file model.txt (compact mmCIF, C-alpha atoms)
# COMPACT_ATOMS: atom_id res chain seq x y z
CA MET A 122 100.83 92.51 124.46
CA ALA A 123 99.08 92.18 121.11
CA ARG A 124 100.37 92.27 117.54
CA ILE A 125 98.14 94.61 115.56
CA LEU A 126 97.86 95.41 111.84
CA ILE A 127 96.22 98.63 110.61
CA GLN A 128 95.13 98.98 107.00
CA THR A 129 94.02 102.45 105.88
CA TYR A 130 91.63 103.44 103.12
CA GLY A 131 90.95 106.92 101.83
CA CYS A 132 92.27 110.41 102.42
CA THR A 133 95.25 111.95 104.17
CA LEU A 134 93.05 112.63 107.21
CA ASN A 135 92.35 108.90 107.50
CA GLN A 136 96.08 108.23 107.26
CA ALA A 137 96.62 110.68 110.11
CA ASP A 138 93.95 108.90 112.18
CA SER A 139 95.78 105.61 111.63
CA ARG A 140 99.00 107.20 112.88
CA ILE A 141 97.15 108.38 115.98
CA MET A 142 95.82 104.87 116.64
CA LYS A 143 99.32 103.47 116.13
CA SER A 144 100.77 105.95 118.64
CA ILE A 145 98.14 105.14 121.27
CA LEU A 146 98.56 101.39 120.92
CA GLU A 147 102.36 101.51 120.94
CA ASN A 148 102.29 103.65 124.08
CA GLN A 149 100.34 100.81 125.68
CA GLY A 150 103.03 98.32 124.70
CA HIS A 151 101.42 96.76 121.62
CA SER A 152 103.31 96.01 118.42
CA VAL A 153 101.67 97.87 115.52
CA THR A 154 102.23 97.64 111.76
CA LEU A 155 100.70 99.83 109.05
CA GLY A 156 100.11 97.63 106.03
CA GLU A 157 97.66 95.59 103.99
CA ALA A 158 95.46 92.91 105.48
CA THR A 159 95.75 89.91 103.16
CA GLU A 160 95.04 86.23 103.67
CA GLU A 161 98.74 85.71 104.35
CA THR A 162 99.55 88.76 106.47
CA VAL A 163 96.66 88.52 108.93
CA LYS A 164 97.98 85.18 110.21
CA ASN A 165 100.80 87.11 111.89
CA TYR A 166 98.55 89.40 113.96
CA ASP A 167 96.24 89.15 116.95
CA PHE A 168 94.03 92.03 115.76
CA VAL A 169 93.36 93.68 112.41
CA ILE A 170 92.04 97.25 112.21
CA LEU A 171 90.52 98.52 108.97
CA ASN A 172 90.40 102.32 108.98
CA THR A 173 87.71 102.86 106.39
CA CYS A 174 86.37 105.40 103.90
CA THR A 175 82.81 106.03 102.74
CA VAL A 176 83.12 108.86 100.21
CA LYS A 177 82.42 106.70 97.13
CA THR A 178 80.28 103.60 96.52
CA PRO A 179 83.05 101.57 94.77
CA THR A 180 85.41 102.19 97.70
CA GLU A 181 82.73 101.20 100.18
CA GLN A 182 82.04 97.96 98.29
CA LYS A 183 85.74 97.16 98.14
CA ILE A 184 85.99 97.55 101.91
CA LEU A 185 82.89 95.46 102.57
CA ASN A 186 84.34 92.70 100.40
CA LYS A 187 87.53 92.85 102.44
CA ILE A 188 85.53 92.62 105.69
CA SER A 189 83.71 89.52 104.39
CA LYS A 190 87.01 87.85 103.46
CA LEU A 191 88.50 88.58 106.86
CA LYS A 192 85.39 87.17 108.51
CA ALA A 193 86.05 83.84 106.80
CA LEU A 194 89.57 83.83 108.29
CA ASN A 195 88.24 84.20 111.85
CA THR A 196 90.28 87.38 112.32
CA ARG A 197 89.68 89.55 115.39
CA LEU A 198 88.61 92.51 113.32
CA ILE A 199 87.96 96.14 114.25
CA VAL A 200 86.32 98.33 111.62
CA ALA A 201 87.11 101.98 112.31
CA GLY A 202 86.73 105.23 110.38
CA CYS A 203 84.04 106.71 108.17
CA LEU A 204 82.25 103.54 107.04
CA ALA A 205 82.01 102.39 110.65
CA SER A 206 80.51 105.78 111.56
CA ALA A 207 78.11 106.23 108.66
CA SER A 208 76.90 102.68 108.00
CA PRO A 209 77.60 100.33 110.93
CA GLU A 210 74.70 98.14 109.76
CA LYS A 211 76.63 97.34 106.56
CA VAL A 212 79.66 96.34 108.59
CA GLU A 213 77.43 94.18 110.79
CA LYS A 214 75.99 92.45 107.74
CA ALA A 215 79.43 91.79 106.23
CA SER A 216 80.82 90.48 109.53
CA PRO A 217 78.56 90.18 112.59
CA GLN A 218 81.60 89.52 114.79
CA ALA A 219 83.51 92.66 113.79
CA SER A 220 83.92 95.40 116.37
CA ILE A 221 83.09 98.99 115.41
CA VAL A 222 84.97 102.17 116.35
CA SER A 223 83.66 105.40 114.83
CA THR A 224 85.89 108.27 113.67
CA GLN A 225 85.22 110.25 116.85
CA ASN A 226 86.31 107.27 118.95
CA VAL A 227 89.62 106.28 117.35
CA THR A 228 91.37 107.77 120.39
CA ARG A 229 89.69 104.99 122.42
CA ILE A 230 91.27 102.26 120.30
CA GLY A 231 93.37 100.98 123.22
CA GLU A 232 90.23 100.60 125.31
CA ALA A 233 88.59 98.74 122.43
CA ILE A 234 91.47 96.26 122.17
CA GLU A 235 91.34 95.62 125.92
CA LYS A 236 87.56 95.06 125.97
CA ILE A 237 87.62 92.75 122.94
CA GLY A 238 90.17 90.60 124.73
CA VAL A 239 87.75 90.24 127.67
CA GLN A 240 84.24 90.33 126.23
CA GLY A 241 84.57 89.91 122.49
CA LYS A 242 82.89 92.33 120.09
CA VAL A 243 82.59 96.01 121.09
CA VAL A 244 80.80 98.95 119.51
CA MET A 245 82.07 102.48 120.14
CA ASP A 246 79.86 104.80 118.14
CA LYS A 247 78.72 107.51 120.57
CA SER A 248 79.64 111.17 120.13
CA ASN A 249 83.10 111.78 121.57
CA ILE A 250 84.38 115.24 120.66
CA THR A 251 88.07 115.36 121.58
CA ASP A 252 91.28 117.03 120.47
CA LYS A 253 93.04 114.23 118.64
CA MET A 254 96.33 116.11 118.70
CA PHE A 255 96.66 115.11 122.37
CA PHE A 256 97.31 111.61 121.02
CA TYR A 257 99.38 112.47 117.94
CA LYS A 258 102.98 111.25 118.15
CA PRO A 259 105.29 112.37 115.31
CA GLU A 260 107.49 109.67 113.82
CA GLU A 261 110.71 109.75 111.83
CA SER A 262 109.50 110.37 108.31
CA ILE A 263 110.19 112.66 105.36
CA ILE A 264 106.47 113.42 105.03
CA ALA A 265 104.47 114.37 108.15
CA ARG A 266 100.69 114.40 107.87
CA ILE A 267 99.34 116.75 110.50
CA PRO A 268 95.55 116.71 111.15
CA VAL A 269 94.21 120.11 112.20
CA ALA A 270 90.46 119.49 112.42
CA GLU A 271 87.67 117.00 112.04
CA GLY A 272 84.25 117.60 110.52
CA CYS A 273 83.25 120.71 108.57
CA LEU A 274 80.83 123.64 108.42
CA SER A 275 79.29 122.72 105.07
CA ASN A 276 76.20 120.68 104.29
CA CYS A 277 76.78 119.44 100.73
CA SER A 278 73.88 117.42 99.40
CA PHE A 279 76.14 114.73 97.90
CA CYS A 280 78.42 114.15 100.88
CA GLU A 281 78.43 111.15 103.22
CA THR A 282 81.58 112.21 105.06
CA LYS A 283 79.79 114.99 106.97
CA PHE A 284 77.46 112.35 108.39
CA ALA A 285 80.45 110.21 109.36
CA ARG A 286 82.68 112.90 110.90
CA GLY A 287 80.13 115.40 112.18
CA PRO A 288 80.41 119.14 112.83
CA LEU A 289 83.65 121.10 112.79
CA ASN A 290 86.08 120.32 115.62
CA SER A 291 89.28 122.33 115.24
CA PHE A 292 92.28 121.03 117.15
CA SER A 293 94.53 123.05 119.45
CA GLU A 294 96.88 125.46 117.66
CA LYS A 295 99.44 124.91 120.41
CA LEU A 296 99.36 121.13 119.95
CA ILE A 297 99.47 121.41 116.16
CA LEU A 298 102.54 123.65 116.30
CA ALA A 299 104.20 121.29 118.77
CA ALA A 300 103.53 118.36 116.42
CA VAL A 301 105.00 120.24 113.47
CA LYS A 302 108.09 121.18 115.50
CA GLU A 303 108.63 117.58 116.62
CA SER A 304 108.06 116.27 113.08
CA ILE A 305 110.74 118.64 111.75
CA LYS A 306 113.07 117.54 114.55
CA ARG A 307 112.50 113.93 113.47
CA GLY A 308 113.43 114.65 109.86
CA ALA A 309 110.20 115.77 108.18
CA LYS A 310 110.80 117.90 105.09
CA GLU A 311 107.20 118.00 103.87
CA ILE A 312 104.44 119.00 106.28
CA GLU A 313 100.98 118.10 104.98
CA ILE A 314 98.24 120.07 106.73
CA THR A 315 95.12 117.95 106.49
CA ALA A 316 91.46 118.10 107.48
CA GLN A 317 88.08 117.33 105.99
CA ASP A 318 88.13 121.01 104.97
CA THR A 319 91.25 122.97 105.92
CA GLY A 320 89.44 126.18 104.96
CA ALA A 321 87.11 125.81 107.94
CA TYR A 322 89.92 125.36 110.46
CA GLY A 323 89.58 127.59 113.50
CA LEU A 324 86.22 129.12 112.61
CA ASP A 325 84.81 127.45 115.74
CA LYS A 326 87.64 128.93 117.83
CA LYS A 327 87.89 132.53 116.59
CA THR A 328 90.95 131.87 114.43
CA ASP A 329 91.51 130.56 110.90
CA ILE A 330 93.82 128.59 108.62
CA ALA A 331 95.75 131.69 107.49
CA GLU A 332 96.65 132.47 111.10
CA LEU A 333 97.76 128.89 111.73
CA LEU A 334 99.89 128.74 108.57
CA SER A 335 101.53 132.07 109.39
CA LYS A 336 102.81 130.52 112.63
CA ILE A 337 103.88 127.25 111.03
CA VAL A 338 106.08 128.94 108.41
CA GLU A 339 107.78 130.95 111.17
CA LEU A 340 109.11 127.75 112.76
CA GLU A 341 112.80 127.04 112.39
CA GLY A 342 113.91 124.38 109.94
CA ASP A 343 114.18 123.49 106.28
CA PHE A 344 110.75 122.22 105.29
CA LYS A 345 107.85 122.75 102.90
CA VAL A 346 104.17 123.04 103.84
CA ARG A 347 101.41 121.61 101.69
CA LEU A 348 97.91 122.85 102.47
CA GLY A 349 95.16 120.26 101.97
CA MET A 350 91.74 120.72 100.40
CA LEU A 351 90.11 124.08 101.09
CA ASN A 352 86.43 124.77 100.38
CA PRO A 353 86.15 127.96 98.25
CA GLU A 354 83.27 129.27 100.37
CA HIS A 355 85.69 130.17 103.16
CA LEU A 356 88.29 132.06 101.13
CA ASN A 357 86.70 135.48 101.49
CA ARG A 358 87.20 135.32 105.27
CA TYR A 359 91.00 135.54 105.07
CA PHE A 360 91.96 135.80 101.39
CA ASP A 361 94.58 138.57 101.66
CA ARG A 362 96.23 137.03 104.72
CA LEU A 363 96.37 133.63 103.05
CA VAL A 364 98.03 135.13 99.97
CA GLU A 365 100.57 136.80 102.25
CA VAL A 366 101.44 133.46 103.86
CA TYR A 367 101.89 131.89 100.42
CA GLN A 368 104.67 134.38 99.70
CA ASN A 369 106.80 132.54 102.25
CA GLU A 370 109.30 130.17 100.60
CA LYS A 371 108.28 127.40 103.01
CA MET A 372 104.82 127.16 101.42
CA TYR A 373 104.39 124.90 98.40
CA LYS A 374 102.85 127.15 95.74
CA PHE A 375 99.88 124.81 95.47
CA ILE A 376 96.20 125.09 96.38
CA HIS A 377 93.35 122.58 96.20
CA LEU A 378 89.99 124.29 95.62
CA PRO A 379 87.19 121.86 94.65
CA VAL A 380 84.62 123.50 92.35
CA GLN A 381 82.49 120.34 91.67
CA SER A 382 80.44 121.84 88.79
CA GLY A 383 80.65 124.57 86.18
CA ARG A 384 76.99 125.57 86.36
CA HIS A 385 75.65 127.69 89.22
CA LYS A 386 72.24 126.02 89.43
CA VAL A 387 73.96 122.66 89.97
CA LEU A 388 76.18 124.19 92.66
CA LYS A 389 73.03 125.46 94.34
CA ASP A 390 71.51 121.97 94.23
CA MET A 391 74.75 120.62 95.66
CA ARG A 392 74.52 123.26 98.43
CA ARG A 393 77.92 124.67 97.57
CA ASN A 394 78.04 128.20 98.92
CA TYR A 395 79.85 130.09 96.16
CA THR A 396 79.23 130.97 92.51
CA ILE A 397 81.17 130.04 89.40
CA GLU A 398 82.09 133.71 89.01
CA GLU A 399 83.48 133.85 92.55
CA PHE A 400 85.47 130.67 91.98
CA GLU A 401 87.01 131.94 88.75
CA ASP A 402 87.83 135.29 90.36
CA TYR A 403 89.61 133.47 93.19
CA ILE A 404 91.68 131.44 90.74
CA LYS A 405 92.57 134.50 88.66
CA GLU A 406 93.57 136.58 91.67
CA LEU A 407 95.51 133.76 93.35
CA ARG A 408 97.50 133.13 90.19
CA SER A 409 98.22 136.84 89.76
CA LYS A 410 99.55 137.16 93.32
CA ILE A 411 101.31 133.81 93.84
CA ASN A 412 104.02 133.16 91.28
CA LEU A 413 103.83 129.77 89.49
CA LEU A 414 100.86 128.64 91.60
CA SER A 415 99.56 125.19 90.69
CA VAL A 416 95.84 124.60 91.14
CA GLU A 417 94.02 121.36 91.90
CA THR A 418 90.25 121.06 91.72
CA ASP A 419 87.51 118.40 91.87
CA MET A 420 84.59 117.78 89.53
CA ILE A 421 81.53 115.59 90.02
CA VAL A 422 79.85 114.37 86.83
CA GLY A 423 76.34 112.99 86.73
CA PHE A 424 74.83 114.82 89.69
CA PRO A 425 71.06 114.07 89.52
CA THR A 426 70.08 117.57 88.35
CA GLU A 427 73.00 117.97 85.92
CA THR A 428 71.79 118.30 82.32
CA ARG A 429 73.94 117.70 79.27
CA GLU A 430 74.27 121.48 78.93
CA ASP A 431 75.35 121.77 82.58
CA PHE A 432 78.00 119.12 81.98
CA GLU A 433 79.31 120.95 78.94
CA GLU A 434 79.58 124.12 81.03
CA SER A 435 81.72 122.20 83.50
CA CYS A 436 84.01 121.11 80.67
CA GLU A 437 84.24 124.70 79.44
CA LEU A 438 85.14 125.89 82.93
CA LEU A 439 88.05 123.46 83.01
CA LYS A 440 89.23 124.67 79.61
CA ARG A 441 89.15 128.25 80.89
CA ILE A 442 90.94 127.79 84.21
CA ARG A 443 93.22 124.91 83.08
CA PRO A 444 93.90 123.31 86.48
CA ASP A 445 97.19 121.50 86.98
CA VAL A 446 95.27 118.62 88.57
CA THR A 447 91.58 117.75 88.28
CA ASN A 448 89.99 114.86 90.16
CA VAL A 449 86.94 113.64 88.23
CA SER A 450 84.38 111.65 90.21
CA LYS A 451 81.27 109.91 88.93
CA PHE A 452 78.29 110.79 91.11
CA GLY A 453 77.18 107.94 93.28
CA ALA A 454 74.16 108.14 95.58
CA ARG A 455 75.27 107.87 99.19
CA PRO A 456 72.62 106.67 101.67
CA HIS A 457 72.69 109.62 104.11
CA ALA A 458 73.15 112.34 101.49
CA ASP A 459 70.05 114.26 100.36
CA ALA A 460 71.00 113.98 96.68
CA SER A 461 70.43 110.22 96.92
CA LYS A 462 66.68 110.95 97.22
CA LEU A 463 66.58 112.64 93.80
CA GLU A 464 65.87 110.83 90.54
CA GLN A 465 69.22 109.50 89.40
CA LEU A 466 70.76 109.75 85.93
CA PRO A 467 71.40 106.52 83.99
CA ASN A 468 74.74 104.93 84.85
CA SER A 469 75.61 104.78 81.16
CA GLU A 470 75.23 108.57 80.86
CA ILE A 471 77.33 109.18 83.97
CA LYS A 472 80.06 106.90 82.67
CA GLU A 473 80.03 108.60 79.27
CA ARG A 474 80.40 112.05 80.86
CA SER A 475 83.21 110.81 83.08
CA VAL A 476 85.15 109.44 80.11
CA GLU A 477 84.64 112.67 78.15
CA MET A 478 85.73 114.95 80.99
CA SER A 479 88.67 112.75 81.91
CA ARG A 480 89.92 113.00 78.33
CA ILE A 481 89.80 116.79 78.55
CA VAL A 482 91.56 116.75 81.92
CA ARG A 483 94.38 114.52 80.67
CA SER A 484 94.85 116.77 77.66
CA ILE A 485 95.08 119.94 79.77
CA GLN A 486 97.46 118.38 82.27
CA ALA A 487 99.70 116.89 79.57
CA GLU A 488 99.89 120.19 77.69
CA LYS A 489 100.83 122.12 80.83
CA ARG A 490 103.51 119.63 81.85
CA LYS A 491 105.02 119.37 78.36
CA MET A 492 105.63 123.12 78.49
CA LEU A 493 108.14 122.41 81.27
CA ILE A 494 110.28 120.01 79.21
CA GLY A 495 113.79 121.40 79.08
CA SER A 496 113.37 123.51 82.22
CA ILE A 497 115.49 123.12 85.35
CA GLN A 498 113.50 122.43 88.49
CA LYS A 499 114.60 122.32 92.12
CA VAL A 500 113.07 119.11 93.46
CA LEU A 501 112.59 117.96 97.05
CA LEU A 502 112.97 114.16 97.09
CA THR A 503 110.17 112.65 99.18
CA GLU A 504 109.42 109.06 98.12
CA LYS A 505 111.15 106.06 96.59
CA ASN A 506 110.19 102.74 95.05
CA ALA A 507 112.02 99.97 93.18
CA HIS A 508 111.95 101.88 89.90
CA SER A 509 112.48 105.55 90.71
CA THR A 510 112.69 108.31 93.27
CA THR A 511 109.98 110.94 93.18
CA GLY A 512 109.93 114.44 94.50
CA ARG A 513 108.09 117.73 94.33
CA THR A 514 108.81 121.03 92.67
CA SER A 515 108.23 124.28 94.55
CA ASN A 516 104.64 124.24 93.25
CA TYR A 517 104.09 120.58 94.19
CA LEU A 518 104.31 119.00 90.74
CA THR A 519 105.54 115.40 90.82
CA VAL A 520 108.94 114.65 89.26
CA ALA A 521 110.24 111.10 88.77
CA LEU A 522 114.03 110.59 88.66
CA ASN A 523 116.19 107.52 88.15
CA PHE A 524 118.81 106.96 90.84
CA PRO A 525 119.59 110.52 91.98
CA SER A 526 122.82 110.96 93.94
CA HIS A 527 120.97 112.54 96.86
CA GLY A 528 118.70 110.82 99.37
CA LEU A 529 115.15 111.42 100.51
CA GLY A 530 114.67 114.76 102.19
CA GLU A 531 117.32 116.42 100.04
CA TYR A 532 117.03 118.72 97.04
CA VAL A 533 118.32 118.07 93.54
CA ASN A 534 118.39 120.17 90.41
CA ALA A 535 116.60 118.26 87.65
CA ARG A 536 116.26 118.89 83.95
CA ILE A 537 112.79 117.88 82.79
CA THR A 538 113.18 115.46 79.89
CA ALA A 539 109.63 114.19 79.42
CA ALA A 540 106.13 114.56 80.79
CA THR A 541 102.85 112.70 81.12
CA SER A 542 99.47 114.00 82.20
CA ALA A 543 100.27 112.95 85.76
CA SER A 544 103.94 113.76 86.28
CA LEU A 545 107.21 115.16 85.05
CA ILE A 546 110.22 112.97 84.27
CA GLY A 547 113.67 114.36 84.91
CA GLU A 548 117.37 113.72 85.20
CA GLU A 549 119.61 115.10 87.88
CA ILE A 550 122.12 117.72 86.82
CA GLN A 551 125.18 118.80 88.73
CA PRO A 552 125.72 120.56 90.93
CA SER A 553 122.62 119.74 92.95
CA VAL A 554 121.85 121.55 96.19
call {"tool": "encode", "arguments": {"input": "model.txt", "output": "structure tokens"}}
result
Amino acid sequence: MARILIQTYGCTLNQADSRIMKSILENQGHSVTLGEATEETVKNYDFVILNTCTVKTPTEQKILNKISKLKALNTRLIVAGCLASASPEKVEKASPQASIVSTQNVTRIGEAIEKIGVQGKVVMDKSNITDKMFFYKPEESIIARIPVAEGCLSNCSFCETKFARGPLNSFSEKLILAAVKESIKRGAKEIEITAQDTGAYGLDKKTDIAELLSKIVELEGDFKVRLGMLNPEHLNRYFDRLVEVYQNEKMYKFIHLPVQSGRHKVLKDMRRNYTIEEFEDYIKELRSKINLLSVETDMIVGFPTETREDFEESCELLKRIRPDVTNVSKFGARPHADASKLEQLPNSEIKERSVEMSRIVRSIQAEKRKMLIGSIQKVLLTEKNAHSTTGRTSNYLTVALNFPSHGLGEYVNARITAATSASLIGEEIQPSV
């Protein structure tokens, strides 16, 4: 059987897809490693799979450069994921010998490996709507990333991912719950619910994300649930029921609602189906009903129709709502997105706006975190590196600790001693729990 390396780019959903491919291939007897494909590492493998992303131009270019380098090493390469789905011609140009497996066909990865061994290059890019949870195999891990859907119901004018992943395909509630149960049994303490848009989950099956979460938090075990990105346009469908679920102690008091712009006319051009007023009302009401809720949002600067005044309104919106996390992205024209057909702003102007907004974001985040210095936080330890152990507070803020007495998956009481714009720094105090 083959030795296979999988390198993953992009979001949590992509990471979940890589886990699915790993499960399928291991069930067929292959040896699979999740890691980075470098000039040195690829020598140890029969196949290399790049599970790719296409959301931003710089990421795409980075991946294409990697494909070109692997081509020079005569690696048996499979390019999977969003770039393979959206722009197979770019993959072909970077490496004519590379095989292609689209996002909807990652469950056929075993078949792809078998065919490559017989006939060489394969291309699997046809529509293949399937429930990927049939192939999901939980592993022993503190963090379990559970995919609940693929595709979305939106049609944002800037987005390439919709073209890559297609229409909404919600996975089986029964299979999702079974995966969560098994993950908990195998030691998971943090359950990450992920999708292209978790807010759309179930709307193609007469259910919704609030209903799913209500059943997840009823499962036995000591764990926390983190809900992934939710498009604000869906909130009105189940707002009260979602708030009710968030009252459960198993839910991280954290929500990711991407606003993208602070000016309604720009939202309309982006084809975002909510208003600034609706967004702010959601934030205000969520914070009033969910104690200590932390809010993450996304902003795009330099959208083709964004004026300087529009940009300033976006900055003012951030100052008003003061998110705990804001992801600032410079607009980049994506080939299949309608906004790419509009007259583009100068790159210098986009860069300038990005720098200005990022400065505001860092200031807001640093101020909010510094207010927690001196406080005692209960922290779930989830990750570790050579320098520190990191964990999450009940509202999903990152805390870095030096050499806590407890291991991953356990809780410690930590006094916050310092803060940056990105994280809290703490020291364990006794007794921990």
call {"tool": "closest_residue", "arguments": {"input": "model.txt", "among": "A:Arg408, A:Lys489, A:Arg229, A:Lys336", "to": "Val446 in chain A", "atoms": "all atoms listed in the file"}}
result
A:Lys489
call {"tool": "atom_distance", "arguments": {"input": "model.txt", "atom1": "CA of Leu289 in chain A", "atom2": "CA of Ile312 in chain A"}}
result
21.9 Å
call {"tool": "atom_distance", "arguments": {"input": "model.txt", "atom1": "CA of Arg124 in chain A", "atom2": "CA of Gln218 in chain A"}}
result
19.2 Å
call {"tool": "closest_residue", "arguments": {"input": "model.txt", "among": "A:Asp361, A:Glu294, A:Glu260, A:Glu157", "to": "Lys327 in chain A", "atoms": "all atoms listed in the file"}}
result
A:Glu294
call {"tool": "atom_distance", "arguments": {"input": "model.txt", "atom1": "CA of Ala285 in chain A", "atom2": "CA of Ile397 in chain A"}}
result
28.1 Å
call {"tool": "residues_around", "arguments": {"input": "model.txt", "residues": "range 143-149 of chain A", "least_positions_apart": "5", "cutoff": "8 Å", "atoms": "only C-alpha atoms", "output": "ChimeraX atom specification"}}
result
/A:127,154,228,230-231,256-258
call {"tool": "residues_around", "arguments": {"input": "model.txt", "residues": "Asn226 in chain A", "least_positions_apart": "5", "cutoff": "9 Å", "atoms": "all atoms listed in the file", "output": "list of chain:residue names"}}
result
A:Ala201, A:Gly202, A:Met245, A:Asp246, A:Lys247, A:Ser248, A:Asn249, A:Ile250, A:Thr251
call {"tool": "closest_residue", "arguments": {"input": "model.txt", "among": "A:Ile421, A:Ile188, A:Leu522, A:Ala543", "to": "Ser475 in chain A", "atoms": "only C-alpha atoms"}}
result
A:Ile421
call {"tool": "residues_around", "arguments": {"input": "model.txt", "residues": "range 317-321 of chain A", "least_positions_apart": "2", "cutoff": "10 Å", "atoms": "only C-alpha atoms", "output": "MDAnalysis selection string"}}
result
chainID A and resid 132:135 268:275 282:283 286 289:291 314:315 323:325 328:331 348:356 358:359 377:378
call {"tool": "axis_aligned_box", "arguments": {"input": "model.txt", "around": "range 208-216 of chain A", "padding_each_side": "3 Å", "output": "AutoDock Vina command-line options"}}
result
--center_x 77.8 --center_y 96.6 --center_z 108.6 --size_x 12.1 --size_y 18.2 --size_z 10.7
call {"tool": "closest_residue", "arguments": {"input": "model.txt", "among": "A:Val163, A:Val244, A:Ile170, A:Met478", "to": "Asn195 in chain A", "atoms": "only C-alpha atoms"}}
result
A:Val163
call {"tool": "residues_near_point", "arguments": {"input": "model.txt", "point": "(94.5, 123.8, 86.3)", "cutoff": "10 Å", "atoms": "only C-alpha atoms", "output": "mmCIF file with C-alpha atoms, in the coordinates of the input"}}
result
data_model
loop_
_atom_site.group_PDB
_atom_site.id
_atom_site.type_symbol
_atom_site.label_atom_id
_atom_site.label_comp_id
_atom_site.auth_asym_id
_atom_site.auth_seq_id
_atom_site.Cartn_x
_atom_site.Cartn_y
_atom_site.Cartn_z
ATOM 1 C CA ILE A 404 91.680 131.440 90.740
ATOM 2 C CA LEU A 414 100.860 128.640 91.600
ATOM 3 C CA SER A 415 99.560 125.190 90.690
ATOM 4 C CA VAL A 416 95.840 124.600 91.140
ATOM 5 C CA GLU A 417 94.020 121.360 91.900
ATOM 6 C CA THR A 418 90.250 121.060 91.720
ATOM 7 C CA LEU A 439 88.050 123.460 83.010
ATOM 8 C CA LYS A 440 89.230 124.670 79.610
ATOM 9 C CA ARG A 441 89.150 128.250 80.890
ATOM 10 C CA ILE A 442 90.940 127.790 84.210
ATOM 11 C CA ARG A 443 93.220 124.910 83.080
ATOM 12 C CA PRO A 444 93.900 123.310 86.480
ATOM 13 C CA ASP A 445 97.190 121.500 86.980
ATOM 14 C CA VAL A 446 95.270 118.620 88.570
ATOM 15 C CA THR A 447 91.580 117.750 88.280
ATOM 16 C CA VAL A 482 91.560 116.750 81.920
ATOM 17 C CA ILE A 485 95.080 119.940 79.770
ATOM 18 C CA GLN A 486 97.460 118.380 82.270
ATOM 19 C CA LYS A 489 100.830 122.120 80.830
#
